[in-house]
file entry_25.cif (mmCIF, C-alpha atoms)
data_query
loop_
_atom_site.label_atom_id
_atom_site.label_comp_id
_atom_site.auth_asym_id
_atom_site.auth_seq_id
_atom_site.Cartn_x
_atom_site.Cartn_y
_atom_site.Cartn_z
CA MET A 1 -25.98 6.13 24.06
CA THR A 2 -24.69 5.22 27.54
CA THR A 3 -21.09 5.60 28.69
CA ALA A 4 -20.65 1.82 28.60
CA GLN A 5 -21.90 1.68 25.02
CA VAL A 6 -19.55 4.48 23.96
CA LEU A 7 -16.54 2.74 25.54
CA LEU A 8 -17.38 -0.60 23.94
CA VAL A 9 -17.77 1.03 20.52
CA LEU A 10 -14.37 2.72 20.95
CA VAL A 11 -12.72 -0.60 21.81
CA ILE A 12 -14.31 -2.22 18.74
CA ILE A 13 -13.18 0.65 16.49
CA PHE A 14 -9.62 0.39 17.80
CA ALA A 15 -9.36 -3.40 17.43
CA THR A 16 -10.89 -3.51 13.96
CA SER A 17 -8.69 -0.62 12.80
CA VAL A 18 -5.62 -2.69 13.71
CA VAL A 19 -7.00 -5.57 11.65
CA GLN A 20 -7.81 -3.27 8.72
CA SER A 21 -4.29 -1.86 8.70
CA VAL A 22 -2.64 -5.30 8.77
CA ALA A 23 -4.88 -7.11 6.27
CA GLY A 24 -6.18 -4.26 4.10
CA PHE A 25 -9.79 -5.08 4.93
CA GLY A 26 -11.89 -6.33 7.82
CA PHE A 27 -13.01 -3.09 9.45
CA ALA A 28 -16.72 -3.16 8.59
CA LEU A 29 -16.68 -6.95 8.28
CA LEU A 30 -15.86 -7.23 11.98
CA ALA A 31 -16.97 -3.86 13.38
CA VAL A 32 -20.61 -4.02 12.29
CA PRO A 33 -21.36 -7.53 13.69
CA LEU A 34 -19.61 -6.59 16.95
CA MET A 35 -21.29 -3.19 17.28
CA VAL A 36 -24.79 -4.59 16.74
CA VAL A 37 -24.35 -6.41 20.04
CA VAL A 38 -24.04 -2.97 21.66
CA ILE A 39 -26.12 -0.63 19.45
CA ASP A 40 -28.75 -0.97 16.71
CA LEU A 41 -27.78 -2.05 13.18
CA GLN A 42 -28.60 1.26 11.48
CA SER A 43 -26.34 3.21 13.85
CA ALA A 44 -23.59 0.60 13.51
CA VAL A 45 -23.70 0.86 9.71
CA ILE A 46 -23.56 4.68 9.70
CA ILE A 47 -20.78 4.90 12.31
CA SER A 48 -18.80 2.21 10.52
CA SER A 49 -19.25 4.03 7.21
CA PHE A 50 -17.94 7.35 8.57
CA VAL A 51 -14.98 5.93 10.48
CA GLY A 52 -14.13 3.38 7.82
CA THR A 53 -14.07 5.98 5.05
CA LEU A 54 -11.69 8.19 7.01
CA SER A 55 -9.52 5.16 7.77
CA ASN A 56 -9.40 4.27 4.07
CA LEU A 57 -8.42 7.86 3.22
CA LEU A 58 -5.37 7.65 5.46
CA GLN A 59 -4.32 4.21 4.26
CA SER A 60 -4.98 4.88 0.57
CA TRP A 61 -2.53 7.76 0.70
CA GLN A 62 0.09 5.59 2.40
CA LEU A 63 -0.35 2.71 -0.08
CA ARG A 64 -1.11 4.71 -3.27
CA ARG A 65 1.89 3.41 -5.24
CA ASN A 66 0.60 -0.18 -5.21
CA ILE A 67 -2.98 0.40 -6.42
CA ASN A 68 -4.21 -1.71 -9.34
CA ARG A 69 -6.02 1.11 -11.13
CA SER A 70 -7.84 -0.91 -13.77
CA MET A 71 -9.45 -3.22 -11.20
CA THR A 72 -10.23 -0.26 -8.97
CA LYS A 73 -12.15 1.47 -11.78
CA ARG A 74 -14.18 -1.66 -12.55
CA PHE A 75 -15.02 -2.27 -8.91
CA LEU A 76 -16.13 1.34 -8.35
CA LEU A 77 -18.31 1.59 -11.46
CA ALA A 78 -19.95 -1.72 -10.56
CA THR A 79 -20.48 -0.50 -6.98
CA VAL A 80 -22.48 2.48 -8.26
CA VAL A 81 -24.72 0.08 -10.20
CA GLY A 82 -25.41 -2.13 -7.19
CA SER A 83 -25.78 0.52 -4.47
CA PRO A 84 -29.41 1.61 -5.14
CA VAL A 85 -30.58 -1.98 -4.60
CA GLY A 86 -28.60 -2.10 -1.37
CA LEU A 87 -30.17 1.15 -0.14
CA LEU A 88 -33.65 -0.27 -0.69
CA LEU A 89 -32.67 -3.37 1.28
CA PHE A 90 -31.23 -1.20 4.08
CA VAL A 91 -34.49 0.73 4.42
CA TYR A 92 -37.06 -1.99 3.83
CA ALA A 93 -35.60 -5.50 4.15
CA ASN A 94 -35.50 -7.73 7.21
CA GLN A 95 -32.05 -7.04 8.66
CA SER A 96 -31.75 -10.42 10.39
CA ALA A 97 -32.33 -12.24 7.11
CA LEU A 98 -29.79 -10.01 5.37
CA LYS A 99 -27.12 -10.83 7.94
CA ILE A 100 -27.76 -14.57 7.64
CA VAL A 101 -27.55 -14.49 3.85
CA LEU A 102 -24.38 -12.40 4.01
CA GLY A 103 -22.75 -14.74 6.54
CA VAL A 104 -23.58 -17.91 4.61
CA SER A 105 -22.26 -16.32 1.39
CA ILE A 106 -18.98 -15.36 3.08
CA LEU A 107 -18.49 -18.85 4.51
CA PHE A 108 -19.17 -20.41 1.12
CA GLY A 109 -16.56 -18.12 -0.40
CA VAL A 110 -14.03 -19.18 2.25
CA TYR A 111 -14.72 -22.83 1.46
CA VAL A 112 -14.24 -22.29 -2.27
CA LEU A 113 -11.00 -20.36 -1.78
CA SER A 114 -9.67 -22.95 0.67
CA ARG A 115 -10.10 -25.59 -2.05
CA GLY A 116 -7.49 -23.78 -4.11
CA LEU A 117 -9.67 -21.86 -6.56
CA GLU A 118 -7.53 -19.82 -8.97
CA LEU A 119 -9.05 -17.21 -11.28
CA GLN A 120 -6.02 -15.32 -12.57
CA HIS A 121 -7.01 -15.85 -16.19
CA VAL A 122 -10.77 -15.25 -15.89
CA SER A 123 -11.88 -12.15 -17.82
CA SER A 124 -13.03 -8.92 -16.20
CA TRP A 125 -16.70 -9.99 -16.07
CA LEU A 126 -15.98 -11.51 -12.66
CA ASP A 127 -14.79 -8.12 -11.36
CA TRP A 128 -18.01 -6.50 -12.56
CA ILE A 129 -20.29 -9.13 -10.94
CA MET A 130 -18.48 -9.01 -7.60
CA GLY A 131 -18.37 -5.21 -7.78
CA VAL A 132 -22.15 -4.99 -8.20
CA LEU A 133 -22.65 -7.37 -5.28
CA SER A 134 -20.22 -5.25 -3.25
CA GLY A 135 -22.34 -2.18 -4.01
CA VAL A 136 -25.48 -3.94 -2.78
CA LEU A 137 -23.73 -4.97 0.45
CA LEU A 138 -22.19 -1.51 0.90
CA MET A 139 -25.59 0.11 1.36
CA ALA A 140 -27.42 -2.84 2.94
CA THR A 141 -24.90 -3.81 5.62
CA SER A 142 -21.77 -1.59 5.27
CA THR A 143 -19.87 -4.87 4.75
CA ASN A 144 -18.92 -4.63 1.10
CA GLY A 145 -15.48 -6.22 1.32
CA PRO A 146 -16.08 -10.00 0.95
CA PRO A 147 -16.91 -10.06 -2.80
CA LEU A 148 -13.82 -7.97 -3.60
CA VAL A 149 -11.62 -10.00 -1.26
CA PHE A 150 -12.86 -13.15 -2.99
CA VAL A 151 -11.81 -11.84 -6.42
CA LEU A 152 -8.42 -10.51 -5.34
CA GLN A 153 -7.56 -13.64 -3.38
CA ALA A 154 -8.71 -15.96 -6.17
CA ARG A 155 -6.61 -13.97 -8.66
CA LYS A 156 -3.57 -14.40 -6.37
CA ILE A 157 -2.97 -10.65 -6.05
CA ASP A 158 0.10 -9.91 -3.94
CA PRO A 159 -0.52 -8.48 -0.40
CA SER A 160 0.73 -4.93 -1.16
CA THR A 161 -1.54 -4.53 -4.20
CA PHE A 162 -4.34 -6.31 -2.33
CA ARG A 163 -4.27 -3.79 0.54
CA ALA A 164 -3.81 -0.73 -1.66
CA THR A 165 -6.56 -1.60 -4.14
CA LEU A 166 -9.11 -2.48 -1.46
CA ASN A 167 -8.45 0.69 0.50
CA MET A 168 -8.91 2.90 -2.56
CA VAL A 169 -12.15 1.13 -3.51
CA PHE A 170 -13.41 1.37 0.07
CA LEU A 171 -12.51 5.06 0.22
CA VAL A 172 -14.50 6.08 -2.85
CA SER A 173 -17.37 3.66 -2.33
CA GLY A 174 -17.61 4.63 1.34
CA ALA A 175 -17.86 8.33 0.51
CA PHE A 176 -20.46 7.52 -2.14
CA GLY A 177 -22.42 5.43 0.35
CA LEU A 178 -22.46 8.22 2.92
CA VAL A 179 -23.88 10.62 0.33
CA MET A 180 -26.59 8.08 -0.49
CA PHE A 181 -27.42 7.58 3.18
CA GLY A 182 -27.60 11.35 3.68
CA LEU A 183 -29.92 11.86 0.72
CA ALA A 184 -32.14 9.08 2.07
CA GLY A 185 -32.34 10.78 5.50
CA GLU A 186 -30.60 7.91 7.29
CA VAL A 187 -27.76 9.93 8.88
CA PHE A 188 -28.46 11.25 12.39
CA GLN A 189 -26.46 13.67 14.53
CA SER A 190 -25.94 11.14 17.32
CA ASP A 191 -24.23 8.74 14.89
CA VAL A 192 -22.04 11.52 13.49
CA ASN A 193 -21.01 12.48 17.04
CA MET A 194 -20.11 8.90 17.89
CA ALA A 195 -18.09 8.59 14.70
CA ALA A 196 -16.18 11.78 15.55
CA ILE A 197 -15.42 10.51 19.05
CA SER A 198 -14.09 7.27 17.53
CA VAL A 199 -11.50 8.92 15.27
CA PRO A 200 -8.60 8.90 17.82
CA ALA A 201 -9.18 5.18 18.49
CA MET A 202 -9.14 4.54 14.75
CA VAL A 203 -5.90 6.49 14.20
CA ILE A 204 -4.13 4.67 17.04
CA GLY A 205 -5.33 1.33 15.67
CA ILE A 206 -4.08 2.10 12.16
CA SER A 207 -0.70 3.17 13.51
CA LEU A 208 -0.29 -0.04 15.51
CA GLY A 209 -1.41 -2.12 12.54
CA GLY A 210 1.14 -0.38 10.31
CA VAL A 211 3.91 -1.55 12.62
CA LEU A 212 2.60 -5.12 12.78
CA ARG A 213 2.13 -5.27 9.00
CA LYS A 214 5.88 -5.29 8.43
CA TYR A 215 6.09 -8.75 10.00
CA VAL A 216 3.29 -10.37 7.95
CA GLN A 217 4.58 -12.53 5.08
CA GLN A 218 2.60 -14.02 2.13
CA ASP A 219 1.59 -17.31 3.77
CA LEU A 220 0.59 -15.67 7.03
CA PHE A 221 -1.29 -12.99 5.11
CA LYS A 222 -3.38 -15.65 3.35
CA LYS A 223 -4.21 -17.30 6.66
CA ILE A 224 -5.25 -13.94 8.15
CA VAL A 225 -7.58 -13.34 5.20
CA PHE A 226 -9.25 -16.73 5.68
CA VAL A 227 -9.59 -16.26 9.44
CA LEU A 228 -11.11 -12.78 9.05
CA LEU A 229 -13.61 -13.95 6.46
CA THR A 230 -14.59 -16.94 8.61
CA VAL A 231 -15.02 -14.84 11.76
CA GLY A 232 -17.01 -12.25 9.81
CA GLY A 233 -19.24 -14.91 8.26
CA VAL A 234 -19.95 -16.66 11.55
CA SER A 235 -20.56 -13.34 13.32
CA SER A 236 -23.00 -12.26 10.62
CA VAL A 237 -24.97 -15.52 10.79
CA LEU A 238 -25.12 -15.43 14.60
CA GLY A 239 -26.14 -11.77 14.51
CA GLY A 240 -29.00 -12.64 12.19
CA LEU A 241 -30.13 -15.63 14.24
CA LEU A 242 -29.96 -13.80 17.56
CA GLY A 243 -31.13 -10.41 16.30
#

call {"tool": "encode", "arguments": {"input": "entry_25.cif", "output": "structure tokens"}}
result
Amino acid sequence: MTTAQVLLVLVIIFATSVVQSVAGFGFALLAVPLMVVVIDLQSAVIISSFVGTLSNLLQSWQLRRNINRSMTKRFLLATVVGSPVGLLLFVYANQSALKIVLGVSILFGVYVLSRGLELQHVSSWLDWIMGVLSGVLLMATSTNGPPLVFVLQARKIDPSTFRATLNMVFLVSGAFGLVMFGLAGEVFQSDVNMAAISVPAMVIGISLGGVLRKYVQQDLFKKIVFVLLTVGGVSSVLGGLLG
């Protein structure tokens, strides 16, 4: 990896860490599409997985009092079910096609949510379905947030619980995903080194985001969620078309 590539990856890690800290998600959703412009998809996924998991560890501890534990358990168990399919897609599927499908799915979710969809009273089967899909995306693209964001937003979960629950799910599922990648022989020393170099940028980004988060109210939070999902969806589609 050249010096220019390293610097660009560090800038991306910093910026997306700020977003993650403010919104509770968005790190992999934005970091992976941005990093694939600079480095290959496999490296972007592995680096994002390492840095994102450490980021979630720090934030989960900070936000632990607001975690919705029942939803967290359902999401995590469902993630385990979906992850083997995602690993097969990561190793064998056409990555450009995966990114296009992911992007279109995200944009459709944004459209549905923007129409005022409310699912507060829907039973837990929805959590299980979205959790399985999240597990597939975790291993295939390292972007497992959109299905979970869709459920939490549609259920009108308050921002504090939203952030805390997502970070705990991302922490455990991210660690699980790294183990799966390691067992599959997809983790290389160069990616581990880049992830280690990125840690200071991630910590600074989280700290800045923690300060900014205090000024984000409910309405603004909802708008940030929609913007992040839209940017992530468009980036994913463009990455697939141009890749």

call {"tool": "closest_residue", "arguments": {"input": "entry_25.cif", "among": "A:Leu7, A:Ala78, A:Ala44, A:Ala93", "to": "Gly131 (chain A)", "atoms": "only C-alpha atoms"}}
result
A:Ala78

call {"tool": "closest_residue", "arguments": {"input": "entry_25.cif", "among": "A:Gly182, A:Thr230, A:Thr79, A:Gly239", "to": "Met35 (chain A)", "atoms": "all atoms listed in the file"}}
result
A:Gly239

call {"tool": "resolve_selection", "arguments": {"input": "entry_25.cif", "expression": "the PyMOL selection byres ((chain A and resi 111-120) around 9)", "output": "list in words"}}
result
Ile106, Leu107, Phe108, Gly109, Val110, His121, Val122, Ser123, Phe150, Val151, Leu152, Gln153, Ala154, Arg155, Lys156, Ile157 and Phe226 of chain A

call {"tool": "resolve_selection", "arguments": {"input": "entry_25.cif", "expression": "the PyMOL selection byres ((chain A and resi 225) around 9)", "output": "compact mmCIF listing (two decimals) with C-alpha atoms, in the frame of the given file"}}
result
# COMPACT_ATOMS: atom_id res chain seq x y z
CA ALA A 23 -4.88 -7.11 6.27
CA PHE A 25 -9.79 -5.08 4.93
CA GLY A 26 -11.89 -6.33 7.82
CA VAL A 149 -11.62 -10.00 -1.26
CA GLN A 153 -7.56 -13.64 -3.38
CA LEU A 220 0.59 -15.67 7.03
CA PHE A 221 -1.29 -12.99 5.11
CA LYS A 222 -3.38 -15.65 3.35
CA LYS A 223 -4.21 -17.30 6.66
CA ILE A 224 -5.25 -13.94 8.15
CA PHE A 226 -9.25 -16.73 5.68
CA VAL A 227 -9.59 -16.26 9.44
CA LEU A 228 -11.11 -12.78 9.05
CA LEU A 229 -13.61 -13.95 6.46
CA THR A 230 -14.59 -16.94 8.61

call {"tool": "resolve_selection", "arguments": {"input": "entry_25.cif", "expression": "the PyMOL selection byres ((chain A and resi 206-215) around 7)", "output": "VMD selection string"}}
result
chain A and resid 17 to 19 21 to 22 202 to 205 216 to 217

call {"tool": "write_last_selection", "arguments": {"input": "entry_25.cif", "atoms": "C-alpha atoms", "output": "mmCIF file, in the frame of the given file"}}
result
data_model
loop_
_atom_site.group_PDB
_atom_site.id
_atom_site.type_symbol
_atom_site.label_atom_id
_atom_site.label_comp_id
_atom_site.auth_asym_id
_atom_site.auth_seq_id
_atom_site.Cartn_x
_atom_site.Cartn_y
_atom_site.Cartn_z
ATOM 1 C CA SER A 17 -8.690 -0.620 12.800
ATOM 2 C CA VAL A 18 -5.620 -2.690 13.710
ATOM 3 C CA VAL A 19 -7.000 -5.570 11.650
ATOM 4 C CA SER A 21 -4.290 -1.860 8.700
ATOM 5 C CA VAL A 22 -2.640 -5.300 8.770
ATOM 6 C CA MET A 202 -9.140 4.540 14.750
ATOM 7 C CA VAL A 203 -5.900 6.490 14.200
ATOM 8 C CA ILE A 204 -4.130 4.670 17.040
ATOM 9 C CA GLY A 205 -5.330 1.330 15.670
ATOM 10 C CA VAL A 216 3.290 -10.370 7.950
ATOM 11 C CA GLN A 217 4.580 -12.530 5.080
#

call {"tool": "closest_residue", "arguments": {"input": "entry_25.cif", "among": "A:Gln5, A:Ser105, A:Gln42, A:Asn144", "to": "Leu171 (chain A)", "atoms": "only C-alpha atoms"}}
result
A:Asn144

call {"tool": "atom_distance", "arguments": {"input": "entry_25.cif", "atom1": "CA of Val91 (chain A)", "atom2": "CA of Ala140 (chain A)"}}
result
8.1 Å

call {"tool": "atom_distance", "arguments": {"input": "entry_25.cif", "atom1": "CA of Met139 (chain A)", "atom2": "CA of Asn68 (chain A)"}}
result
24.0 Å

call {"tool": "residues_around", "arguments": {"input": "entry_25.cif", "residues": "Val11 (chain A)", "least_positions_apart": "5", "cutoff": "9 Å", "atoms": "only C-alpha atoms", "output": "PyMOL selection string"}}
result
chain A and resi 6+16+201

call {"tool": "residues_near_point", "arguments": {"input": "entry_25.cif", "point": "(-1.7, -5.6, -2.8)", "cutoff": "7 Å", "atoms": "only C-alpha atoms", "output": "PyMOL selection string"}}
result
chain A and resi 66+157-165

call {"tool": "write_last_selection", "arguments": {"input": "entry_25.cif", "atoms": "C-alpha atoms", "output": "PDB file, keeping the file's coordinate frame"}}
result
ATOM      1  CA  ASN A  66       0.600  -0.180  -5.210  1.00  0.00           C
ATOM      2  CA  ILE A 157      -2.970 -10.650  -6.050  1.00  0.00           C
ATOM      3  CA  ASP A 158       0.100  -9.910  -3.940  1.00  0.00           C
ATOM      4  CA  PRO A 159      -0.520  -8.480  -0.400  1.00  0.00           C
ATOM      5  CA  SER A 160       0.730  -4.930  -1.160  1.00  0.00           C
ATOM      6  CA  THR A 161      -1.540  -4.530  -4.200  1.00  0.00           C
ATOM      7  CA  PHE A 162      -4.340  -6.310  -2.330  1.00  0.00           C
ATOM      8  CA  ARG A 163      -4.270  -3.790   0.540  1.00  0.00           C
ATOM      9  CA  ALA A 164      -3.810  -0.730  -1.660  1.00  0.00           C
ATOM     10  CA  THR A 165      -6.560  -1.600  -4.140  1.00  0.00           C
TER      11      THR A 165
END

call {"tool": "atom_distance", "arguments": {"input": "entry_25.cif", "atom1": "CA of Leu57 (chain A)", "atom2": "CA of Ala4 (chain A)"}}
result
28.8 Å

call {"tool": "decode", "arguments": {"input": "entry_25.cif", "residues": "region 66-156 of chain A", "atoms": "C-alpha atoms", "output": "short mmCIF file (atom, residue, chain, number, x, y, z; two decimals), in the first residue's frame"}}
result
data_model
loop_
_atom_site.label_atom_id
_atom_site.label_comp_id
_atom_site.auth_asym_id
_atom_site.auth_seq_id
_atom_site.Cartn_x
_atom_site.Cartn_y
_atom_site.Cartn_z
CA ASN A 66 -29.43 2.05 27.08
CA ILE A 67 -29.12 -1.33 25.32
CA ASN A 68 -32.36 -3.12 24.39
CA ARG A 69 -31.20 -6.58 25.41
CA SER A 70 -34.06 -8.64 24.00
CA MET A 71 -33.66 -7.17 20.50
CA THR A 72 -29.89 -7.50 20.76
CA LYS A 73 -30.17 -11.24 21.48
CA ARG A 74 -32.52 -11.81 18.54
CA PHE A 75 -30.34 -9.85 16.14
CA LEU A 76 -27.18 -11.70 17.19
CA LEU A 77 -28.65 -15.20 17.00
CA ALA A 78 -30.09 -14.40 13.57
CA THR A 79 -26.71 -13.01 12.47
CA VAL A 80 -25.06 -16.35 13.25
CA VAL A 81 -27.62 -18.09 11.04
CA GLY A 82 -27.04 -15.77 8.08
CA SER A 83 -23.25 -15.40 8.25
CA PRO A 84 -22.21 -18.68 6.55
CA VAL A 85 -24.18 -17.67 3.44
CA GLY A 86 -22.48 -14.28 3.50
CA LEU A 87 -19.03 -15.88 3.75
CA LEU A 88 -19.73 -17.98 0.66
CA LEU A 89 -20.80 -14.84 -1.19
CA PHE A 90 -17.65 -13.01 -0.04
CA VAL A 91 -15.40 -15.75 -1.40
CA TYR A 92 -17.24 -16.74 -4.57
CA ALA A 93 -19.81 -14.14 -5.66
CA ASN A 94 -19.36 -11.26 -8.07
CA GLN A 95 -18.57 -8.33 -5.79
CA SER A 96 -19.87 -5.68 -8.19
CA ALA A 97 -23.26 -7.38 -8.34
CA LEU A 98 -23.35 -7.67 -4.55
CA LYS A 99 -22.73 -3.95 -4.13
CA ILE A 100 -25.47 -3.05 -6.61
CA VAL A 101 -28.01 -5.31 -4.91
CA LEU A 102 -27.03 -3.93 -1.50
CA GLY A 103 -27.31 -0.32 -2.67
CA VAL A 104 -30.71 -0.80 -4.31
CA SER A 105 -32.00 -2.56 -1.18
CA ILE A 106 -30.82 0.29 1.04
CA LEU A 107 -32.45 2.93 -1.16
CA PHE A 108 -35.71 0.99 -1.20
CA GLY A 109 -35.61 0.86 2.59
CA VAL A 110 -35.08 4.63 2.74
CA TYR A 111 -38.08 5.15 0.47
CA VAL A 112 -40.30 2.92 2.61
CA LEU A 113 -39.23 4.62 5.84
CA SER A 114 -39.69 8.08 4.34
CA ARG A 115 -43.31 7.16 3.60
CA GLY A 116 -43.92 6.90 7.33
CA LEU A 117 -43.78 3.13 7.84
CA GLU A 118 -44.36 2.23 11.49
CA LEU A 119 -43.76 -1.29 12.82
CA GLN A 120 -43.87 -0.83 16.59
CA HIS A 121 -46.50 -3.53 17.00
CA VAL A 122 -45.13 -6.11 14.54
CA SER A 123 -44.00 -9.31 16.28
CA SER A 124 -40.38 -10.37 16.66
CA TRP A 125 -40.33 -12.31 13.36
CA LEU A 126 -39.26 -9.08 11.65
CA ASP A 127 -36.20 -8.85 13.93
CA TRP A 128 -35.23 -12.40 13.02
CA ILE A 129 -35.56 -11.86 9.25
CA MET A 130 -33.59 -8.62 9.28
CA GLY A 131 -31.01 -10.19 11.61
CA VAL A 132 -30.41 -13.07 9.19
CA LEU A 133 -30.03 -10.61 6.31
CA SER A 134 -27.64 -8.58 8.46
CA GLY A 135 -25.54 -11.72 9.00
CA VAL A 136 -25.35 -12.33 5.25
CA LEU A 137 -24.26 -8.73 4.63
CA LEU A 138 -21.78 -8.83 7.54
CA MET A 139 -19.65 -11.46 5.84
CA ALA A 140 -20.34 -10.51 2.22
CA THR A 141 -19.72 -6.75 2.40
CA SER A 142 -18.98 -5.79 6.06
CA THR A 143 -22.04 -3.51 5.75
CA ASN A 144 -24.51 -5.26 8.02
CA GLY A 145 -26.18 -2.17 9.49
CA PRO A 146 -29.00 -1.28 7.04
CA PRO A 147 -31.42 -4.14 7.90
CA LEU A 148 -31.06 -3.42 11.63
CA VAL A 149 -31.37 0.33 11.13
CA PHE A 150 -34.53 -0.30 9.12
CA VAL A 151 -36.12 -2.27 11.98
CA LEU A 152 -35.11 0.13 14.75
CA GLN A 153 -36.19 3.19 12.80
CA ALA A 154 -39.50 1.62 11.75
CA ARG A 155 -40.17 0.67 15.38
CA LYS A 156 -39.53 4.30 16.40
#
